[in-house]
file structure_34.pdb (PDB, C-alpha atoms and all ligand atoms)
MODEL        1
ATOM      1  CA  MET M  10       2.817   4.249   8.903
ATOM      2  CA  LYS M  11       0.288   2.644   6.581
ATOM      3  CA  PRO M  12       0.989   2.749   2.835
ATOM      4  CA  LEU M  13      -0.829   5.349   0.759
ATOM      5  CA  MET M  14      -3.086   3.396  -1.599
ATOM      6  CA  VAL M  15      -3.447   5.108  -4.957
ATOM      7  CA  ALA M  16      -5.703   3.791  -7.730
ATOM      8  CA  ILE M  17      -4.926   4.491 -11.366
ATOM      9  CA  THR M  18      -8.145   3.906 -13.175
ATOM     10  CA  GLY M  19     -10.168   5.050 -16.180
ATOM     11  CA  GLY M  20     -13.595   4.480 -17.628
ATOM     12  CA  LYS M  21     -12.326   3.686 -21.105
ATOM     13  CA  GLY M  22      -9.859   1.024 -22.238
ATOM     14  CA  GLY M  23      -6.783   1.985 -24.246
ATOM     15  CA  THR M  24      -6.151   5.378 -22.625
ATOM     16  CA  GLY M  25      -2.645   4.375 -21.498
ATOM     17  CA  LYS M  26      -3.700   3.781 -17.900
ATOM     18  CA  SER M  27      -1.288   0.879 -17.329
ATOM     19  CA  THR M  28       1.647   2.820 -18.775
ATOM     20  CA  ILE M  29       0.828   5.709 -16.422
ATOM     21  CA  ALA M  30       0.521   3.347 -13.427
ATOM     22  CA  CYS M  31       3.841   1.643 -14.213
ATOM     23  CA  SER M  32       5.626   4.909 -14.815
ATOM     24  CA  LEU M  33       4.280   6.463 -11.621
ATOM     25  CA  ALA M  34       5.377   3.425  -9.595
ATOM     26  CA  ILE M  35       8.887   3.656 -11.076
ATOM     27  CA  ALA M  36       9.103   7.420 -10.408
ATOM     28  CA  LEU M  37       8.076   6.931  -6.753
ATOM     29  CA  ALA M  38      10.464   3.998  -6.290
ATOM     30  CA  ASP M  39      13.360   6.409  -6.678
ATOM     31  CA  LYS M  40      12.618   7.535  -3.081
ATOM     32  CA  PHE M  41       9.992   5.187  -1.643
ATOM     33  CA  ARG M  42       9.124   1.516  -1.317
ATOM     34  CA  VAL M  43       6.412   0.886  -3.901
ATOM     35  CA  LEU M  44       4.152  -2.043  -4.629
ATOM     36  CA  LEU M  45       2.463  -1.939  -8.031
ATOM     37  CA  VAL M  46      -0.654  -4.127  -8.077
ATOM     38  CA  ASP M  47      -1.982  -5.090 -11.502
ATOM     39  CA  THR M  48      -5.660  -5.831 -10.813
ATOM     40  CA  ASP M  49      -6.651  -6.071 -14.473
ATOM     41  CA  VAL M  50      -6.868  -9.830 -13.972
ATOM     42  CA  GLU M  51      -8.608 -10.492 -17.287
ATOM     43  CA  CYS M  52      -5.698  -9.033 -19.201
ATOM     44  CA  PRO M  53      -2.718  -8.096 -16.990
ATOM     45  CA  ASP M  54       0.029  -6.228 -18.838
ATOM     46  CA  ASP M  55       2.146  -4.312 -16.304
ATOM     47  CA  HIS M  56       4.749  -7.119 -16.319
ATOM     48  CA  ILE M  57       4.968  -6.807 -20.097
ATOM     49  CA  ILE M  58       5.323  -3.005 -20.002
ATOM     50  CA  LEU M  59       8.103  -3.270 -17.390
ATOM     51  CA  SER M  60       9.716  -6.464 -18.774
ATOM     52  CA  VAL M  61       9.221  -8.170 -15.401
ATOM     53  CA  GLN M  62       9.607 -11.955 -15.263
ATOM     54  CA  ARG M  63       6.693 -12.980 -13.056
ATOM     55  CA  ARG M  64       6.877 -15.788 -10.483
ATOM     56  CA  LYS M  65       3.687 -17.690  -9.636
ATOM     57  CA  THR M  66       3.086 -17.475  -5.858
ATOM     58  CA  ASP M  67      -0.491 -18.536  -5.102
ATOM     59  CA  GLU M  68      -3.465 -20.336  -6.525
ATOM     60  CA  VAL M  69      -6.865 -18.752  -5.862
ATOM     61  CA  THR M  70      -9.849 -21.072  -5.728
ATOM     62  CA  LEU M  71     -13.581 -20.499  -5.725
ATOM     63  CA  GLN M  72     -16.169 -22.800  -4.288
ATOM     64  CA  ILE M  73     -18.822 -23.578  -6.853
ATOM     65  CA  PRO M  74     -21.896 -25.791  -6.404
ATOM     66  CA  SER M  75     -21.971 -29.473  -7.201
ATOM     67  CA  PHE M  76     -25.406 -31.166  -7.241
ATOM     68  CA  ASP M  77     -26.285 -34.493  -5.626
ATOM     69  CA  PHE M  78     -29.259 -35.385  -7.807
ATOM     70  CA  SER M  79     -30.174 -38.398  -5.630
ATOM     71  CA  ALA M  80     -31.147 -35.872  -2.899
ATOM     72  CA  CYS M  81     -32.636 -33.234  -5.210
ATOM     73  CA  SER M  82     -36.438 -32.830  -5.165
ATOM     74  CA  MET M  83     -36.403 -30.571  -8.245
ATOM     75  CA  CYS M  84     -37.957 -27.685  -6.329
ATOM     76  CA  GLY M  85     -36.039 -24.998  -8.271
ATOM     77  CA  LYS M  86     -35.229 -22.920  -5.189
ATOM     78  CA  CYS M  87     -31.471 -22.794  -5.994
ATOM     79  CA  SER M  88     -32.214 -21.265  -9.402
ATOM     80  CA  GLU M  89     -34.596 -18.734  -7.865
ATOM     81  CA  VAL M  90     -32.028 -17.399  -5.377
ATOM     82  CA  CYS M  91     -29.085 -17.188  -7.790
ATOM     83  CA  ARG M  92     -28.624 -13.523  -8.670
ATOM     84  CA  LYS M  93     -26.155 -14.399 -11.416
ATOM     85  CA  ASN M  94     -28.665 -16.584 -13.294
ATOM     86  CA  ALA M  95     -26.079 -19.337 -13.121
ATOM     87  CA  ILE M  96     -28.547 -22.153 -12.464
ATOM     88  CA  VAL M  97     -30.958 -23.156 -15.205
ATOM     89  CA  PHE M  98     -34.072 -24.854 -13.915
ATOM     90  CA  VAL M  99     -36.911 -26.361 -15.922
ATOM     91  CA  GLU M 100     -39.952 -27.790 -14.105
ATOM     92  CA  GLY M 101     -39.602 -31.549 -13.581
ATOM     93  CA  ARG M 102     -35.859 -31.591 -14.375
ATOM     94  CA  HIS M 103     -32.712 -31.350 -12.284
ATOM     95  CA  PRO M 104     -30.988 -27.958 -12.139
ATOM     96  CA  ILE M 105     -28.039 -27.265 -14.440
ATOM     97  CA  LEU M 106     -25.093 -25.065 -13.438
ATOM     98  CA  VAL M 107     -23.663 -22.601 -15.966
ATOM     99  CA  ARG M 108     -20.145 -22.537 -14.494
ATOM    100  CA  ASP M 109     -19.016 -19.419 -16.348
ATOM    101  CA  ARG M 110     -21.713 -17.329 -14.699
ATOM    102  CA  CYS M 111     -21.153 -18.565 -11.138
ATOM    103  CA  SER M 112     -19.401 -16.173  -8.745
ATOM    104  CA  GLY M 113     -19.056 -18.759  -5.980
ATOM    105  CA  CYS M 114     -21.234 -16.812  -3.537
ATOM    106  CA  GLY M 115     -22.635 -19.985  -1.878
ATOM    107  CA  THR M 116     -26.247 -18.742  -1.718
ATOM    108  CA  CYS M 117     -27.659 -21.729  -3.594
ATOM    109  CA  SER M 118     -26.193 -24.347  -1.245
ATOM    110  CA  LEU M 119     -27.515 -22.430   1.771
ATOM    111  CA  SER M 120     -30.982 -22.298   0.225
ATOM    112  CA  CYS M 121     -31.287 -26.021  -0.552
ATOM    113  CA  ARG M 122     -33.449 -27.666   2.111
ATOM    114  CA  ASN M 123     -32.504 -31.152   0.881
ATOM    115  CA  ASN M 124     -28.787 -30.564   1.321
ATOM    116  CA  ALA M 125     -28.381 -31.588  -2.309
ATOM    117  CA  ILE M 126     -25.696 -28.995  -3.119
ATOM    118  CA  LYS M 127     -22.094 -29.412  -2.028
ATOM    119  CA  ASP M 128     -19.295 -26.934  -2.635
ATOM    120  CA  GLU M 129     -16.525 -27.947  -5.020
ATOM    121  CA  ASP M 130     -13.186 -26.144  -5.507
ATOM    122  CA  MET M 131     -12.545 -24.484  -8.862
ATOM    123  CA  VAL M 132      -9.294 -22.678  -9.720
ATOM    124  CA  ALA M 133     -10.172 -19.014 -10.351
ATOM    125  CA  GLY M 134      -6.644 -17.872 -11.186
ATOM    126  CA  PHE M 135      -3.140 -17.287  -9.927
ATOM    127  CA  LEU M 136      -1.187 -14.560  -8.138
ATOM    128  CA  TYR M 137       2.311 -13.586  -9.253
ATOM    129  CA  ASP M 138       5.080 -11.338  -8.001
ATOM    130  CA  GLY M 139       8.100  -9.925  -9.772
ATOM    131  CA  LYS M 140      11.105  -7.604  -9.698
ATOM    132  CA  LEU M 141      12.368  -5.164 -12.289
ATOM    133  CA  PRO M 142      15.015  -6.297 -14.771
ATOM    134  CA  GLU M 143      18.661  -5.309 -14.359
ATOM    135  CA  ASN M 144      18.558  -2.358 -16.759
ATOM    136  CA  TYR M 145      16.685  -0.344 -14.093
ATOM    137  CA  ASP M 146      18.617   1.649 -11.496
ATOM    138  CA  GLU M 147      19.680  -0.500  -8.505
ATOM    139  CA  LYS M 148      17.847   1.654  -5.920
ATOM    140  CA  ILE M 149      14.606   1.554  -7.931
ATOM    141  CA  ARG M 150      14.917  -2.212  -8.289
ATOM    142  CA  ARG M 151      15.338  -2.576  -4.516
ATOM    143  CA  ASN M 152      12.310  -0.390  -3.745
ATOM    144  CA  PHE M 153       9.914  -1.825  -6.322
ATOM    145  CA  ARG M 154       7.760  -4.944  -6.377
ATOM    146  CA  LEU M 155       5.044  -6.017  -8.794
ATOM    147  CA  LEU M 156       2.057  -8.058  -7.705
ATOM    148  CA  SER M 157      -0.329  -9.268 -10.360
ATOM    149  CA  GLY M 158      -3.140 -11.729 -10.868
ATOM    150  CA  GLU M 159      -4.433 -13.613 -13.853
ATOM    151  CA  THR M 160      -7.785 -15.300 -14.052
ATOM    152  CA  THR M 161      -8.477 -18.663 -15.595
ATOM    153  CA  VAL M 162     -12.216 -18.060 -15.614
ATOM    154  CA  ASN M 163     -14.632 -15.346 -16.683
ATOM    155  CA  ILE M 164     -15.424 -11.912 -15.277
ATOM    156  CA  GLU M 165     -18.239 -13.148 -12.976
ATOM    157  CA  SER M 166     -15.770 -14.986 -10.788
ATOM    158  CA  SER M 167     -12.683 -12.874 -11.162
ATOM    159  CA  ALA M 168     -13.648 -10.269  -8.543
ATOM    160  CA  ARG M 169     -12.645 -12.945  -6.007
ATOM    161  CA  LEU M 170      -9.171 -12.917  -7.537
ATOM    162  CA  VAL M 171      -9.000  -9.112  -7.254
ATOM    163  CA  ASP M 172      -9.979  -9.438  -3.577
ATOM    164  CA  SER M 173      -7.150 -11.956  -3.017
ATOM    165  CA  LEU M 174      -4.688  -9.634  -4.742
ATOM    166  CA  MET M 175      -5.703  -6.638  -2.620
ATOM    167  CA  LYS M 176      -5.621  -8.704   0.587
ATOM    168  CA  ASN M 177      -2.130  -9.913  -0.284
ATOM    169  CA  ALA M 178      -1.052  -6.326  -1.060
ATOM    170  CA  ARG M 179      -2.350  -4.992   2.269
ATOM    171  CA  GLU M 180      -1.129  -7.812   4.484
ATOM    172  CA  ASN M 181       2.124  -9.119   3.044
ATOM    173  CA  HIS M 182       4.066  -6.063   1.943
ATOM    174  CA  ASP M 183       5.684  -3.324   4.025
ATOM    175  CA  MET M 184       5.509  -0.398   1.584
ATOM    176  CA  ASP M 185       5.177   3.393   1.440
ATOM    177  CA  PHE M 186       2.900   3.358  -1.597
ATOM    178  CA  ILE M 187       0.581   0.792  -3.133
ATOM    179  CA  ILE M 188      -0.231   1.766  -6.714
ATOM    180  CA  ILE M 189      -3.340  -0.076  -7.930
ATOM    181  CA  ASP M 190      -3.664  -0.410 -11.694
ATOM    182  CA  THR M 191      -7.324  -1.257 -12.318
ATOM    183  CA  ALA M 192      -9.144  -2.708 -15.297
ATOM    184  CA  ALA M 193     -10.954  -0.232 -17.534
ATOM    185  CA  GLY M 194     -14.653   0.453 -16.970
ATOM    186  CA  VAL M 195     -16.911   0.623 -13.940
ATOM    187  CA  HIS M 196     -17.642  -3.074 -13.371
ATOM    188  CA  CYS M 197     -17.340  -5.289 -10.334
ATOM    189  CA  ASN M 198     -13.568  -5.913 -10.626
ATOM    190  CA  VAL M 199     -12.850  -2.191 -10.727
ATOM    191  CA  ILE M 200     -15.010  -1.556  -7.656
ATOM    192  CA  HIS M 201     -13.202  -4.309  -5.723
ATOM    193  CA  ALA M 202      -9.836  -2.820  -6.721
ATOM    194  CA  ILE M 203     -10.547   0.795  -5.789
ATOM    195  CA  MET M 204     -12.763   0.572  -2.733
ATOM    196  CA  ASP M 205      -9.829   0.665  -0.281
ATOM    197  CA  ALA M 206      -7.870   3.370  -2.139
ATOM    198  CA  ASN M 207      -7.041   6.618  -0.341
ATOM    199  CA  LEU M 208      -7.167   8.504  -3.618
ATOM    200  CA  ALA M 209      -7.460   7.882  -7.332
ATOM    201  CA  PHE M 210      -6.348   9.292 -10.647
ATOM    202  CA  ALA M 211      -8.726   8.803 -13.560
ATOM    203  CA  VAL M 212      -6.716   8.556 -16.774
ATOM    204  CA  THR M 213      -8.414   9.808 -19.908
ATOM    205  CA  GLU M 214      -7.625  10.942 -23.444
ATOM    206  CA  PRO M 215      -8.816  13.940 -25.463
ATOM    207  CA  THR M 216     -11.661  12.225 -27.342
ATOM    208  CA  PRO M 217     -15.487  12.311 -26.946
ATOM    209  CA  PHE M 218     -15.519   8.652 -25.779
ATOM    210  CA  GLY M 219     -12.736   9.438 -23.327
ATOM    211  CA  SER M 220     -14.714  12.232 -21.673
ATOM    212  CA  HIS M 221     -17.970  10.225 -21.576
ATOM    213  CA  ASP M 222     -16.323   7.300 -19.787
ATOM    214  CA  LEU M 223     -14.339   9.680 -17.583
ATOM    215  CA  LYS M 224     -17.591  11.026 -16.192
ATOM    216  CA  LEU M 225     -18.766   7.501 -15.315
ATOM    217  CA  ILE M 226     -15.606   6.588 -13.421
ATOM    218  CA  LEU M 227     -15.579   9.921 -11.556
ATOM    219  CA  GLU M 228     -19.191   9.303 -10.479
ATOM    220  CA  LEU M 229     -18.237   5.831  -9.252
ATOM    221  CA  LEU M 230     -15.269   7.206  -7.292
ATOM    222  CA  GLU M 231     -17.507   9.797  -5.695
ATOM    223  CA  ARG M 232     -20.004   7.130  -4.631
ATOM    224  CA  LEU M 233     -17.163   5.108  -3.115
ATOM    225  CA  ASP M 234     -15.949   8.248  -1.328
ATOM    226  CA  VAL M 235     -12.504   8.091  -2.965
ATOM    227  CA  THR M 236     -10.874  11.485  -3.638
ATOM    228  CA  SER M 237     -10.115  11.717  -7.342
ATOM    229  CA  SER M 238      -8.434  13.860  -9.943
ATOM    230  CA  ILE M 239      -7.772  13.555 -13.663
ATOM    231  CA  ILE M 240      -4.668  12.760 -15.710
ATOM    232  CA  LEU M 241      -5.043  13.745 -19.360
ATOM    233  CA  ASN M 242      -2.941  11.305 -21.360
ATOM    234  CA  ARG M 243      -1.956  11.762 -25.003
ATOM    235  CA  ALA M 244      -2.565  15.489 -24.673
ATOM    236  CA  GLY M 245      -2.241  17.170 -28.039
ATOM    237  CA  ILE M 246      -3.608  14.338 -30.203
ATOM    238  CA  GLY M 247      -7.250  15.525 -30.170
ATOM    239  CA  ASN M 248      -9.728  18.022 -28.764
ATOM    240  CA  ALA M 249      -9.385  18.297 -24.969
ATOM    241  CA  ASP M 250     -12.465  20.567 -24.564
ATOM    242  CA  PRO M 251     -14.871  17.722 -23.539
ATOM    243  CA  VAL M 252     -12.403  16.605 -20.853
ATOM    244  CA  LEU M 253     -12.046  20.197 -19.595
ATOM    245  CA  GLU M 254     -15.847  20.380 -19.481
ATOM    246  CA  VAL M 255     -16.065  17.196 -17.351
ATOM    247  CA  SER M 256     -13.372  18.597 -15.073
ATOM    248  CA  ARG M 257     -15.375  21.842 -14.618
ATOM    249  CA  GLU M 258     -18.694  20.016 -14.118
ATOM    250  CA  THR M 259     -17.390  17.560 -11.549
ATOM    251  CA  GLY M 260     -14.934  19.896  -9.839
ATOM    252  CA  ARG M 261     -12.131  17.340 -10.352
ATOM    253  CA  PRO M 262      -8.846  18.967 -11.344
ATOM    254  CA  ILE M 263      -6.625  17.859 -14.210
ATOM    255  CA  VAL M 264      -3.351  17.361 -12.342
ATOM    256  CA  ALA M 265      -1.169  16.374 -15.282
ATOM    257  CA  GLU M 266      -1.220  16.492 -19.061
ATOM    258  CA  ILE M 267       1.004  13.848 -20.612
ATOM    259  CA  GLU M 268       2.041  14.412 -24.221
ATOM    260  CA  TYR M 269       1.953  11.458 -26.607
ATOM    261  CA  SER M 270       5.466  10.338 -27.508
ATOM    262  CA  LYS M 271       6.100   7.823 -30.281
ATOM    263  CA  ASP M 272       9.757   7.578 -29.196
ATOM    264  CA  LEU M 273       8.714   6.635 -25.683
ATOM    265  CA  MET M 274       6.365   3.905 -26.917
ATOM    266  CA  GLU M 275       9.083   2.466 -29.134
ATOM    267  CA  ALA M 276      11.598   2.620 -26.284
ATOM    268  CA  TYR M 277       9.491   0.777 -23.758
ATOM    269  CA  SER M 278       8.229  -1.789 -26.246
ATOM    270  CA  GLY M 279      11.927  -2.494 -26.854
ATOM    271  CA  GLY M 280      12.414  -3.187 -23.106
ATOM    272  CA  GLU M 281      14.053   0.114 -22.119
ATOM    273  CA  PRO M 282      13.349   1.545 -18.619
ATOM    274  CA  LEU M 283      10.044   3.387 -18.521
ATOM    275  CA  ASN M 284      10.135   7.140 -17.918
ATOM    276  CA  VAL M 285       7.005   9.018 -18.988
ATOM    277  CA  PRO M 286       7.642  12.798 -19.195
ATOM    278  CA  GLY M 287       5.244  14.666 -16.897
ATOM    279  CA  ILE M 288       4.722  11.810 -14.440
ATOM    280  CA  ASP M 289       7.086  13.489 -11.924
ATOM    281  CA  THR M 290       4.359  16.103 -11.278
ATOM    282  CA  VAL M 291       2.001  13.349 -10.130
ATOM    283  CA  ALA M 292       4.752  11.660  -8.094
ATOM    284  CA  GLY M 293       5.481  15.019  -6.445
ATOM    285  CA  LEU M 294       1.804  15.431  -5.473
ATOM    286  CA  LEU M 295       1.803  11.988  -3.895
ATOM    287  CA  GLU M 296       5.031  12.706  -2.045
ATOM    288  CA  MET M 297       3.338  15.760  -0.486
ATOM    289  CA  GLN M 298       0.302  13.662   0.487
ATOM    290  CA  ARG M 299       2.546  11.187   2.243
ATOM    291  CA  CYS M 300       4.384  13.843   4.303
TER     292      CYS M 300
HETATM  293  S1  LIG W   1     -32.697 -26.295  -4.176
HETATM  294 FE1  LIG W   1     -31.851 -28.327  -3.861
HETATM  295  S2  LIG W   1     -33.572 -29.688  -4.094
HETATM  296 FE2  LIG W   1     -34.201 -27.757  -4.991
HETATM  297  S3  LIG W   1     -33.668 -27.955  -7.174
HETATM  298 FE3  LIG W   1     -31.918 -27.011  -6.160
HETATM  299  S4  LIG W   1     -30.577 -28.755  -5.669
HETATM  300 FE4  LIG W   1     -32.607 -29.596  -6.086
HETATM  301  S1  LIG W   2     -22.717 -20.091  -5.903
HETATM  302 FE1  LIG W   2     -23.897 -18.157  -6.110
HETATM  303  S2  LIG W   2     -23.539 -17.533  -8.222
HETATM  304 FE2  LIG W   2     -22.930 -19.677  -8.100
HETATM  305  S3  LIG W   2     -24.724 -20.804  -8.732
HETATM  306 FE3  LIG W   2     -24.806 -20.647  -6.490
HETATM  307  S4  LIG W   2     -26.037 -18.818  -6.071
HETATM  308 FE4  LIG W   2     -25.418 -18.742  -8.222
ENDMDL
END

call {"tool": "encode", "arguments": {"input": "structure_34.pdb", "output": "structure tokens"}}
result
Amino acid sequence: MKPLMVAITGGKGGTGKSTIACSLAIALADKFRVLLVDTDVECPDDHIILSVQRRKTDEVTLQIPSFDFSACSMCGKCSEVCRKNAIVFVEGRHPILVRDRCSGCGTCSLSCRNNAIKDEDMVAGFLYDGKLPENYDEKIRRNFRLLSGETTVNIESSARLVDSLMKNARENHDMDFIIIDTAAGVHCNVIHAIMDANLAFAVTEPTPFGSHDLKLILELLERLDVTSSIILNRAGIGNADPVLEVSRETGRPIVAEIEYSKDLMEAYSGGEPLNVPGIDTVAGLLEMQRC
């Protein structure tokens, strides 16, 4: 049986999405084999939340263009075809690559009639795996694995790293659940992380910004045809009416309301096992989906 792939995502940063993803993975690992994939490659933090010592497993490279100016006729075609505006071209001069903008798509080298562009390897980032520390229950430790990635370059290229992470998750791990912790927002990396998910939970908080960004991520999930529902985190700290309104408008249910707990935050920042009250409801829903 294929693993159920569940994305934990959210339009806005700082809603506690990673804490929810980690806690859900731990709750499920009490009964199931769970792979938690931290796809927030710009700023991965699941290993910090869970006190996991990561082990570097793979290097991910991108192929970026390298110009042979002796063959270049200064036609400017490579700059014209680059949708990332990563090649600066001025009439009568050789093209200049802005490496930070390049996504390694290869279009420019294909377009050069003079064969003046060769591909050159650039390290885009690294993949890591990890196990829980010994203060977690033995059965949970056996059932749980973390996979995470960390980019060495900018956001334009890091979607390739997310793709490598997801490929590794699908092909190299025999699991019941794959929990995908995405970056915040609705950008390219998030799309690459959630497009294979069977379902998604959008994590939000009871603030006007929270509900605005919630709407954006729910629209994206709908376009990608991923079934979604809402987790309201930090319930009780603000006005939840805008979130309820988004839920009504979009027809997406709020499946859990997680109360803010200062004690919990202090406990997990001190390295204690993570156990978010209310997450069992979500784990129970997923258990039913799997049966
Ligand atoms: S397409 Fe080729 S020949 Fe034209 S400017 Fe670019 S590198 Fe030079
Ligand atoms: S590889 Fe793609 S993104 Fe990079 S410079 Fe060439 S066309 Fe632009």

call {"tool": "closest_residue", "arguments": {"input": "structure_34.pdb", "among": "M:Asp128, M:Glu89, M:Asp222, M:Asp183", "to": "ligand LIG 1 (chain W)", "atoms": "all atoms listed in the file"}}
result
M:Glu89

call {"tool": "closest_residue", "arguments": {"input": "structure_34.pdb", "among": "M:Ser79, M:Asn94, M:Thr70, M:Asn284", "to": "ligand LIG 2 (chain W)", "atoms": "all atoms listed in the file"}}
result
M:Asn94

call {"tool": "residues_near_ligand", "arguments": {"input": "structure_34.pdb", "ligand": "ligand LIG 2 (chain W)", "cutoff": "12 Å", "atoms": "all atoms listed in the file", "output": "PDB file with C-alpha atoms, in the frame of the given file"}}
result
ATOM      1  CA  LEU M  71     -13.581 -20.499  -5.725  1.00  0.00           C
ATOM      2  CA  GLN M  72     -16.169 -22.800  -4.288  1.00  0.00           C
ATOM      3  CA  ILE M  73     -18.822 -23.578  -6.853  1.00  0.00           C
ATOM      4  CA  PRO M  74     -21.896 -25.791  -6.404  1.00  0.00           C
ATOM      5  CA  SER M  75     -21.971 -29.473  -7.201  1.00  0.00           C
ATOM      6  CA  PHE M  76     -25.406 -31.166  -7.241  1.00  0.00           C
ATOM      7  CA  GLY M  85     -36.039 -24.998  -8.271  1.00  0.00           C
ATOM      8  CA  LYS M  86     -35.229 -22.920  -5.189  1.00  0.00           C
ATOM      9  CA  CYS M  87     -31.471 -22.794  -5.994  1.00  0.00           C
ATOM     10  CA  SER M  88     -32.214 -21.265  -9.402  1.00  0.00           C
ATOM     11  CA  GLU M  89     -34.596 -18.734  -7.865  1.00  0.00           C
ATOM     12  CA  VAL M  90     -32.028 -17.399  -5.377  1.00  0.00           C
ATOM     13  CA  CYS M  91     -29.085 -17.188  -7.790  1.00  0.00           C
ATOM     14  CA  ARG M  92     -28.624 -13.523  -8.670  1.00  0.00           C
ATOM     15  CA  LYS M  93     -26.155 -14.399 -11.416  1.00  0.00           C
ATOM     16  CA  ASN M  94     -28.665 -16.584 -13.294  1.00  0.00           C
ATOM     17  CA  ALA M  95     -26.079 -19.337 -13.121  1.00  0.00           C
ATOM     18  CA  ILE M  96     -28.547 -22.153 -12.464  1.00  0.00           C
ATOM     19  CA  VAL M  97     -30.958 -23.156 -15.205  1.00  0.00           C
ATOM     20  CA  PHE M  98     -34.072 -24.854 -13.915  1.00  0.00           C
ATOM     21  CA  PRO M 104     -30.988 -27.958 -12.139  1.00  0.00           C
ATOM     22  CA  ILE M 105     -28.039 -27.265 -14.440  1.00  0.00           C
ATOM     23  CA  LEU M 106     -25.093 -25.065 -13.438  1.00  0.00           C
ATOM     24  CA  VAL M 107     -23.663 -22.601 -15.966  1.00  0.00           C
ATOM     25  CA  ARG M 108     -20.145 -22.537 -14.494  1.00  0.00           C
ATOM     26  CA  ASP M 109     -19.016 -19.419 -16.348  1.00  0.00           C
ATOM     27  CA  ARG M 110     -21.713 -17.329 -14.699  1.00  0.00           C
ATOM     28  CA  CYS M 111     -21.153 -18.565 -11.138  1.00  0.00           C
ATOM     29  CA  SER M 112     -19.401 -16.173  -8.745  1.00  0.00           C
ATOM     30  CA  GLY M 113     -19.056 -18.759  -5.980  1.00  0.00           C
ATOM     31  CA  CYS M 114     -21.234 -16.812  -3.537  1.00  0.00           C
ATOM     32  CA  GLY M 115     -22.635 -19.985  -1.878  1.00  0.00           C
ATOM     33  CA  THR M 116     -26.247 -18.742  -1.718  1.00  0.00           C
ATOM     34  CA  CYS M 117     -27.659 -21.729  -3.594  1.00  0.00           C
ATOM     35  CA  SER M 118     -26.193 -24.347  -1.245  1.00  0.00           C
ATOM     36  CA  LEU M 119     -27.515 -22.430   1.771  1.00  0.00           C
ATOM     37  CA  SER M 120     -30.982 -22.298   0.225  1.00  0.00           C
ATOM     38  CA  CYS M 121     -31.287 -26.021  -0.552  1.00  0.00           C
ATOM     39  CA  ILE M 126     -25.696 -28.995  -3.119  1.00  0.00           C
ATOM     40  CA  LYS M 127     -22.094 -29.412  -2.028  1.00  0.00           C
ATOM     41  CA  ASP M 128     -19.295 -26.934  -2.635  1.00  0.00           C
ATOM     42  CA  GLU M 129     -16.525 -27.947  -5.020  1.00  0.00           C
ATOM     43  CA  ASP M 130     -13.186 -26.144  -5.507  1.00  0.00           C
ATOM     44  CA  MET M 131     -12.545 -24.484  -8.862  1.00  0.00           C
ATOM     45  CA  GLU M 165     -18.239 -13.148 -12.976  1.00  0.00           C
ATOM     46  CA  SER M 166     -15.770 -14.986 -10.788  1.00  0.00           C
TER      47      SER M 166
END

call {"tool": "resolve_selection", "arguments": {"input": "structure_34.pdb", "expression": "the PyMOL selection byres (((chain M and resi 57-63) around 12) and not hetatm)", "output": "PyMOL selection string"}}
result
chain M and resi 25-35+45+47+52-56+64-66+135-145+150+153-159+273-284

call {"tool": "atom_distance", "arguments": {"input": "structure_34.pdb", "atom1": "CA of Asp185 in chain M", "atom2": "CA of Glu68 in chain M"}}
result
26.5 Å

call {"tool": "atom_distance", "arguments": {"input": "structure_34.pdb", "atom1": "CA of Val171 in chain M", "atom2": "CA of Glu228 in chain M"}}
result
21.3 Å

call {"tool": "closest_residue", "arguments": {"input": "structure_34.pdb", "among": "M:Val43, M:Ile246, M:Gly287, M:Val69", "to": "Lys271 in chain M", "atoms": "all atoms listed in the file"}}
result
M:Ile246

call {"tool": "atom_distance", "arguments": {"input": "structure_34.pdb", "atom1": "CA of Met14 in chain M", "atom2": "CA of Thr213 in chain M"}}
result
20.1 Å

call {"tool": "axis_aligned_box", "arguments": {"input": "structure_34.pdb", "around": "range 222-236 of chain M", "padding_each_side": "3 Å", "output": "lines of an AutoDock Vina configuration file"}}
result
center_x = -15.4
center_y = 8.3
center_z = -10.6
size_x = 15.1
size_y = 12.4
size_z = 24.5

call {"tool": "resolve_selection", "arguments": {"input": "structure_34.pdb", "expression": "the PyMOL selection byres (((chain M and resi 233) around 12) and not hetatm)", "output": "JSON, numbers by chain"}}
result
{"M": [195, 199, 200, 201, 202, 203, 204, 205, 206, 207, 208, 209, 226, 227, 228, 229, 230, 231, 232, 234, 235, 236, 237]}

call {"tool": "closest_residue", "arguments": {"input": "structure_34.pdb", "among": "M:Leu225, M:Ala168, M:Cys84, M:Val291", "to": "ligand LIG 1 (chain W)", "atoms": "only C-alpha atoms and all ligand atoms"}}
result
M:Cys84

call {"tool": "residues_around", "arguments": {"input": "structure_34.pdb", "residues": "Glu268 in chain M", "least_positions_apart": "2", "cutoff": "10 Å", "atoms": "only C-alpha atoms", "output": "list of chain:residue names"}}
result
M:Leu241, M:Asn242, M:Arg243, M:Ala244, M:Gly245, M:Ile246, M:Ala265, M:Glu266, M:Ser270, M:Lys271, M:Val285, M:Pro286, M:Gly287

call {"tool": "resolve_selection", "arguments": {"input": "structure_34.pdb", "expression": "the PyMOL selection byres (((chain M and resi 249-263) around 7) and not hetatm)", "output": "ChimeraX atom specification"}}
result
/M:215-217,220,224,237-241,247-248,264-265
